[in-house]
Amino acid sequence: MTPPPPLGRSRLGGGPTFDSALDDTELVTVRDELARGRWAETRRLLAETGDDWDLRGHRLTTLAAVSTSTAWGREWLLAEPDSADAAALLACAAVHRAVRRKSDAESARSLCRAAARMAPHDPTPWLGLLLLAHAGVTDDEPARCFGQVRARHPEHHHAHHLMAACLAGHKADHDDPLHEVYDFAAWAAEQAPADSPLALLPVVAHAERFRALARAGTLPRDPGASGHWAGRRARQVLKTAFDWWLEWDVNDTDDAPEAPGDPRVPRTPAAPPHPRHKVDLNFLAHAKLHEGRLAEAAALLIRIGPHVTREPWAYPDRDPKAAYRAARRAALGSR
């Protein structure tokens with residue numbers, strides 16, 4: 001395993017943009033086309049995505065945020081009434097608006113259920129229902145929606161993050177080291193294959209629990225002063241997660257080191273990066289920063305590059321851009 005890249009200043013320009021497309025450049029292009037009313041490229045992209053469920057969920061929830069996605073989703077569905085992709089886009093667009101209290105949650109729920117009937121094996125409509133439940137705009141039980149997603153794709157990344165966030169809010173009036181969210185994250189990580197990014201879910205659970213405890217006043221709202229990442233459990237979780245990153249980071253595609261007396265032997269080609277792997281790296285960098293491991297945080301911040309996520313830098317109620325810039329100053333000495 002080659003080491004992380006050397007420390008240095010990255011070129012972030014005016015700062016993080018929090019683009020939900022992350023490093024999916026094809027998605028960025030198609031999203032721009034959809035914003036201009038050209039949904040044919042969206043049709044092609046989703047057809048090519050097929051049953052890569054994590055990628056499909058990532059792309060649909062990102063496209064759903066386009067202001068014109070509802071109008072063009074309706075037009076697409078009128079043109080192709082049997083299109084499960086069109087139904088899923090329309091449902092996700094309705095979810096996006098309902099979560100932001102800009103449209104009716106019951107309508108979004110109905111559209112998700114209609115999309116689920118059109119594609120019974122697709123977990124994405126159930127992801128939409130889980131997003132509604134997580135936001136508290138419907139009375140659906142998050143665990144039931146999560147179970148439906150997991151029945152269709154046991155390693156669904158986004159759904160596991162949402163479920164961890166839901167569980168973390170339970171019993172926020174005291175800091176319980178045996179809280180259920182930690183058990184859930186450990187169980188999910190153990191159930192997943194060795195190379196699954198769900199190995200980092202315990203780090204996510206720790207951040208979500210901090211968010212809940214700090215908002216409830218149980219912990220200081222300043223993550224650096226909370227001590228939340230200083231306990232024995234946290235240190236072990238972070239060591240395990242960082243070791244996993246060093247072993248499995250899919251961006252590391254250099255050749256293997258030379259063996260004495262042998263020519264360089266190519267490494268096994270890396271699998272395509274997980275569509276949401278930058279989300280995990282943001283959580284891990286945030287945790288390493290507040291653990292006080294600045295060199296490790298710096299390596300992760302460099303690997304993240306411009307693909308910064310609002311969560312967890314915004315936790316519990318901070319300006320995520322300011323928090324991220326402060327992290328860069330502390331770890332890299334740069335803005």
# chains A, B, ... in the order shown; residues from 1 in each chain; ligands from 1
$ residues_around --residues "segment 316-321 of chain A" --least-positions-apart "2" --cutoff "9 Å" --atoms "only C-alpha atoms" --output "ChimeraX atom specification"
/A:15-18,208,210-215,221-223,309-314,323-326
$ write_last_selection --atoms "C-alpha atoms" --output "PDB file, in the first residue's frame"
ATOM      1  CA  GLY A  15     -13.673  27.599  -0.899  1.00  0.00           C
ATOM      2  CA  PRO A  16     -15.950  24.570  -0.780  1.00  0.00           C
ATOM      3  CA  THR A  17     -19.074  24.565  -2.925  1.00  0.00           C
ATOM      4  CA  PHE A  18     -20.786  21.573  -1.282  1.00  0.00           C
ATOM      5  CA  GLU A 208     -24.262  11.913  14.369  1.00  0.00           C
ATOM      6  CA  PHE A 210     -22.272  14.344  18.732  1.00  0.00           C
ATOM      7  CA  ARG A 211     -24.774  16.355  16.675  1.00  0.00           C
ATOM      8  CA  ALA A 212     -27.690  15.040  18.737  1.00  0.00           C
ATOM      9  CA  LEU A 213     -25.966  15.474  22.113  1.00  0.00           C
ATOM     10  CA  ALA A 214     -24.703  18.972  21.328  1.00  0.00           C
ATOM     11  CA  ARG A 215     -28.109  20.150  20.090  1.00  0.00           C
ATOM     12  CA  ARG A 221     -21.548  22.805  20.939  1.00  0.00           C
ATOM     13  CA  ASP A 222     -17.903  23.316  19.998  1.00  0.00           C
ATOM     14  CA  PRO A 223     -16.747  19.911  18.699  1.00  0.00           C
ATOM     15  CA  THR A 309     -19.841  17.911   2.155  1.00  0.00           C
ATOM     16  CA  ARG A 310     -21.918  20.050   4.514  1.00  0.00           C
ATOM     17  CA  GLU A 311     -22.133  17.205   6.995  1.00  0.00           C
ATOM     18  CA  PRO A 312     -20.413  16.813   9.411  1.00  0.00           C
ATOM     19  CA  TRP A 313     -18.678  20.226   9.184  1.00  0.00           C
ATOM     20  CA  ALA A 314     -22.001  21.894   9.992  1.00  0.00           C
ATOM     21  CA  ALA A 323     -15.674  25.155   9.932  1.00  0.00           C
ATOM     22  CA  TYR A 324     -14.005  23.539   6.933  1.00  0.00           C
ATOM     23  CA  ARG A 325     -11.673  26.490   6.406  1.00  0.00           C
ATOM     24  CA  ALA A 326     -10.722  26.342  10.094  1.00  0.00           C
TER      25      ALA A 326
END
$ closest_atom_pairs --of "segment 2-112 of chain A" --to "segment 154-164 of chain A" --cutoff "12 Å" --atoms "only C-alpha atoms" --output "CSV"
residue,atom,partner,partner_atom,distance
A:Asp52,CA,A:His156,CA,10.2
A:Trp53,CA,A:His156,CA,7.4
A:Asp54,CA,A:His156,CA,6.0
A:Leu55,CA,A:His157,CA,9.7
A:Arg56,CA,A:His156,CA,10.7
A:Gly57,CA,A:His158,CA,7.9
A:His58,CA,A:His158,CA,8.0
A:Arg59,CA,A:His158,CA,11.7
A:Thr61,CA,A:His158,CA,10.2
$ write_last_selection --atoms "C-alpha atoms" --output "CSV table (one decimal), in the first residue's frame"
chain,number,residue,atom,x,y,z
A,52,ASP,CA,-25.9,-0.2,-9.5
A,53,TRP,CA,-28.2,0.9,-6.6
A,54,ASP,CA,-25.8,3.1,-4.7
A,55,LEU,CA,-24.9,5.0,-7.9
A,56,ARG,CA,-28.6,5.2,-9.0
A,57,GLY,CA,-29.6,6.6,-5.6
A,58,HIS,CA,-26.8,9.1,-5.7
A,59,ARG,CA,-27.6,10.3,-9.2
A,61,THR,CA,-31.2,12.4,-5.4
$ residues_around --residues "Leu198 of chain A" --least-positions-apart "5" --cutoff "12 Å" --atoms "only C-alpha atoms" --output "PyMOL selection string"
chain A and resi 154-161+164+184-193+203-205+241+244-245+248+274+276-277+279-281
$ residues_around --residues "segment 34-38 of chain A" --least-positions-apart "5" --cutoff "10 Å" --atoms "only C-alpha atoms" --output "mmCIF file with all heavy atoms, in the first residue's frame"
data_model
loop_
_atom_site.group_PDB
_atom_site.id
_atom_site.type_symbol
_atom_site.label_atom_id
_atom_site.label_comp_id
_atom_site.auth_asym_id
_atom_site.auth_seq_id
_atom_site.Cartn_x
_atom_site.Cartn_y
_atom_site.Cartn_z
ATOM 1 N N VAL A 28 -22.589 15.716 -13.275
ATOM 2 C CA VAL A 28 -22.581 17.181 -13.334
ATOM 3 C C VAL A 28 -23.046 17.659 -14.710
ATOM 4 O O VAL A 28 -23.883 18.567 -14.831
ATOM 5 C CB VAL A 28 -21.173 17.722 -13.020
ATOM 6 C CG1 VAL A 28 -21.111 19.232 -13.287
ATOM 7 C CG2 VAL A 28 -20.800 17.438 -11.567
ATOM 8 N N THR A 29 -22.529 17.024 -15.755
ATOM 9 C CA THR A 29 -22.903 17.407 -17.122
ATOM 10 C C THR A 29 -24.391 17.177 -17.377
ATOM 11 O O THR A 29 -25.088 18.042 -17.922
ATOM 12 C CB THR A 29 -22.071 16.606 -18.138
ATOM 13 O OG1 THR A 29 -20.684 16.877 -17.926
ATOM 14 C CG2 THR A 29 -22.449 16.964 -19.565
ATOM 15 N N ARG A 43 -32.265 10.491 -19.176
ATOM 16 C CA ARG A 43 -32.779 9.176 -19.575
ATOM 17 C C ARG A 43 -31.632 8.232 -19.895
ATOM 18 O O ARG A 43 -31.599 7.087 -19.432
ATOM 19 C CB ARG A 43 -33.691 9.342 -20.793
ATOM 20 C CG ARG A 43 -34.368 8.086 -21.310
ATOM 21 C CD ARG A 43 -35.223 8.463 -22.522
ATOM 22 N NE ARG A 43 -36.028 7.360 -22.991
ATOM 23 C CZ ARG A 43 -35.591 6.420 -23.819
ATOM 24 N NH1 ARG A 43 -34.328 6.455 -24.247
ATOM 25 N NH2 ARG A 43 -36.404 5.448 -24.207
ATOM 26 N N LEU A 63 -29.978 14.755 -9.039
ATOM 27 C CA LEU A 63 -30.794 15.325 -10.115
ATOM 28 C C LEU A 63 -32.093 15.905 -9.564
ATOM 29 O O LEU A 63 -32.626 16.882 -10.107
ATOM 30 C CB LEU A 63 -31.091 14.258 -11.164
ATOM 31 C CG LEU A 63 -29.894 13.774 -11.994
ATOM 32 C CD1 LEU A 63 -30.264 12.532 -12.790
ATOM 33 C CD2 LEU A 63 -29.399 14.886 -12.915
ATOM 34 N N ALA A 64 -32.603 15.307 -8.498
ATOM 35 C CA ALA A 64 -33.863 15.772 -7.915
ATOM 36 C C ALA A 64 -33.776 17.196 -7.393
ATOM 37 O O ALA A 64 -34.790 17.886 -7.271
ATOM 38 C CB ALA A 64 -34.292 14.836 -6.790
ATOM 39 N N ALA A 65 -32.549 17.640 -7.084
ATOM 40 C CA ALA A 65 -32.377 18.986 -6.532
ATOM 41 C C ALA A 65 -32.427 20.069 -7.607
ATOM 42 O O ALA A 65 -32.493 21.261 -7.280
ATOM 43 C CB ALA A 65 -31.055 19.073 -5.772
ATOM 44 N N VAL A 66 -32.401 19.677 -8.876
ATOM 45 C CA VAL A 66 -32.518 20.656 -9.961
ATOM 46 C C VAL A 66 -33.917 21.275 -9.908
ATOM 47 O O VAL A 66 -34.919 20.554 -9.805
ATOM 48 C CB VAL A 66 -32.271 19.980 -11.324
ATOM 49 C CG1 VAL A 66 -32.509 20.955 -12.462
ATOM 50 C CG2 VAL A 66 -30.850 19.424 -11.386
ATOM 51 N N SER A 67 -33.999 22.574 -9.998
ATOM 52 C CA SER A 67 -35.286 23.254 -9.817
ATOM 53 C C SER A 67 -36.321 22.837 -10.855
ATOM 54 O O SER A 67 -37.527 22.878 -10.591
ATOM 55 C CB SER A 67 -35.097 24.772 -9.857
ATOM 56 O OG SER A 67 -34.552 25.172 -11.106
ATOM 57 N N THR A 68 -35.860 22.421 -12.039
ATOM 58 C CA THR A 68 -36.788 22.025 -13.109
ATOM 59 C C THR A 68 -37.078 20.529 -13.137
ATOM 60 O O THR A 68 -37.778 20.060 -14.037
ATOM 61 C CB THR A 68 -36.215 22.443 -14.474
ATOM 62 O OG1 THR A 68 -34.922 21.823 -14.653
ATOM 63 C CG2 THR A 68 -36.061 23.949 -14.575
ATOM 64 N N SER A 69 -36.547 19.775 -12.164
ATOM 65 C CA SER A 69 -36.668 18.316 -12.243
ATOM 66 C C SER A 69 -38.116 17.841 -12.165
ATOM 67 O O SER A 69 -38.491 16.855 -12.814
ATOM 68 C CB SER A 69 -35.832 17.647 -11.137
ATOM 69 O OG SER A 69 -36.251 18.087 -9.864
ATOM 70 N N ALA A 71 -40.871 19.462 -13.259
ATOM 71 C CA ALA A 71 -41.541 19.740 -14.538
ATOM 72 C C ALA A 71 -41.074 18.781 -15.627
ATOM 73 O O ALA A 71 -41.896 18.212 -16.360
ATOM 74 C CB ALA A 71 -41.270 21.183 -14.957
ATOM 75 N N TRP A 72 -39.765 18.583 -15.726
ATOM 76 C CA TRP A 72 -39.266 17.712 -16.785
ATOM 77 C C TRP A 72 -39.505 16.247 -16.471
ATOM 78 O O TRP A 72 -39.679 15.428 -17.381
ATOM 79 C CB TRP A 72 -37.790 17.993 -17.040
ATOM 80 C CG TRP A 72 -37.557 19.380 -17.528
ATOM 81 C CD1 TRP A 72 -36.789 20.344 -16.952
ATOM 82 C CD2 TRP A 72 -38.138 19.990 -18.683
ATOM 83 N NE1 TRP A 72 -36.851 21.505 -17.657
ATOM 84 C CE2 TRP A 72 -37.661 21.323 -18.733
ATOM 85 C CE3 TRP A 72 -39.012 19.548 -19.681
ATOM 86 C CZ2 TRP A 72 -38.035 22.207 -19.750
ATOM 87 C CZ3 TRP A 72 -39.373 20.439 -20.681
ATOM 88 C CH2 TRP A 72 -38.893 21.742 -20.705
ATOM 89 N N GLY A 73 -39.557 15.892 -15.194
ATOM 90 C CA GLY A 73 -39.918 14.526 -14.833
ATOM 91 C C GLY A 73 -41.344 14.204 -15.248
ATOM 92 O O GLY A 73 -41.629 13.111 -15.751
ATOM 93 N N GLU A 75 -42.981 15.684 -17.709
ATOM 94 C CA GLU A 75 -43.014 15.610 -19.167
ATOM 95 C C GLU A 75 -42.485 14.264 -19.657
ATOM 96 O O GLU A 75 -43.054 13.653 -20.573
ATOM 97 C CB GLU A 75 -42.179 16.749 -19.765
ATOM 98 C CG GLU A 75 -42.162 16.716 -21.294
ATOM 99 C CD GLU A 75 -41.461 17.907 -21.896
ATOM 100 O OE1 GLU A 75 -41.863 19.043 -21.585
ATOM 101 O OE2 GLU A 75 -40.510 17.691 -22.671
#
$ atom_distance --atom1 "atom CA of Thr218 of chain A" --atom2 "atom CA of Ala133 of chain A"
24.7 Å
$ atom_distance --atom1 "atom CA of Thr49 of chain A" --atom2 "atom CA of Cys145 of chain A"
23.0 Å
$ residues_around --residues "Ala115 of chain A" --least-positions-apart "5" --cutoff "7 Å" --atoms "only C-alpha atoms" --output "ChimeraX atom specification"
/A:84,87-88,91,125
$ write_last_selection --atoms "N, CA and C atoms" --output "short mmCIF file (atom, residue, chain, number, x, y, z; two decimals), in the first residue's frame"
data_model
loop_
_atom_site.label_atom_id
_atom_site.label_comp_id
_atom_site.auth_asym_id
_atom_site.auth_seq_id
_atom_site.Cartn_x
_atom_site.Cartn_y
_atom_site.Cartn_z
N ALA A 84 -39.83 3.48 -15.47
CA ALA A 84 -39.55 3.49 -14.02
C ALA A 84 -38.53 4.57 -13.67
N ALA A 87 -40.47 7.82 -13.36
CA ALA A 87 -41.25 7.81 -12.12
C ALA A 87 -40.35 8.03 -10.91
N ALA A 88 -39.15 7.43 -10.93
CA ALA A 88 -38.22 7.59 -9.81
C ALA A 88 -37.71 9.03 -9.73
N ALA A 91 -40.50 11.15 -8.31
CA ALA A 91 -40.66 10.89 -6.87
C ALA A 91 -39.54 11.55 -6.07
N PRO A 125 -36.97 4.23 -4.53
CA PRO A 125 -38.21 4.82 -4.00
C PRO A 125 -38.32 4.69 -2.48
#
$ atom_distance --atom1 "atom CA of Ala116 of chain A" --atom2 "atom CA of Trp39 of chain A"
21.3 Å
$ select_by_dssp --residues "segment 8-187 of chain A" --states "helix (DSSP H, G or I)" --output "NGL selection string"
:A and (25-35 or 40-49 or 53-63 or 69-79 or 84-99 or 105-118 or 124-135 or 142-152 or 157-168 or 180-187)
$ closest_residue --among "A:Thr62, A:Ser20, A:Thr240, A:Ser196" --to "Pro273 of chain A" --atoms "only C-alpha atoms"
A:Ser196
$ closest_atom_pairs --of "segment 132-245 of chain A" --to "segment 94-104 of chain A" --cutoff "10 Å" --atoms "only C-alpha atoms" --output "CSV"
residue,atom,partner,partner_atom,distance
A:Leu132,CA,A:Val99,CA,6.2
A:Ala133,CA,A:Val99,CA,9.2
A:His134,CA,A:Val99,CA,9.0
A:Ala135,CA,A:Val99,CA,6.0
A:Gly136,CA,A:Val99,CA,8.3
A:Val137,CA,A:Val99,CA,6.8
A:Thr138,CA,A:Ala98,CA,9.6
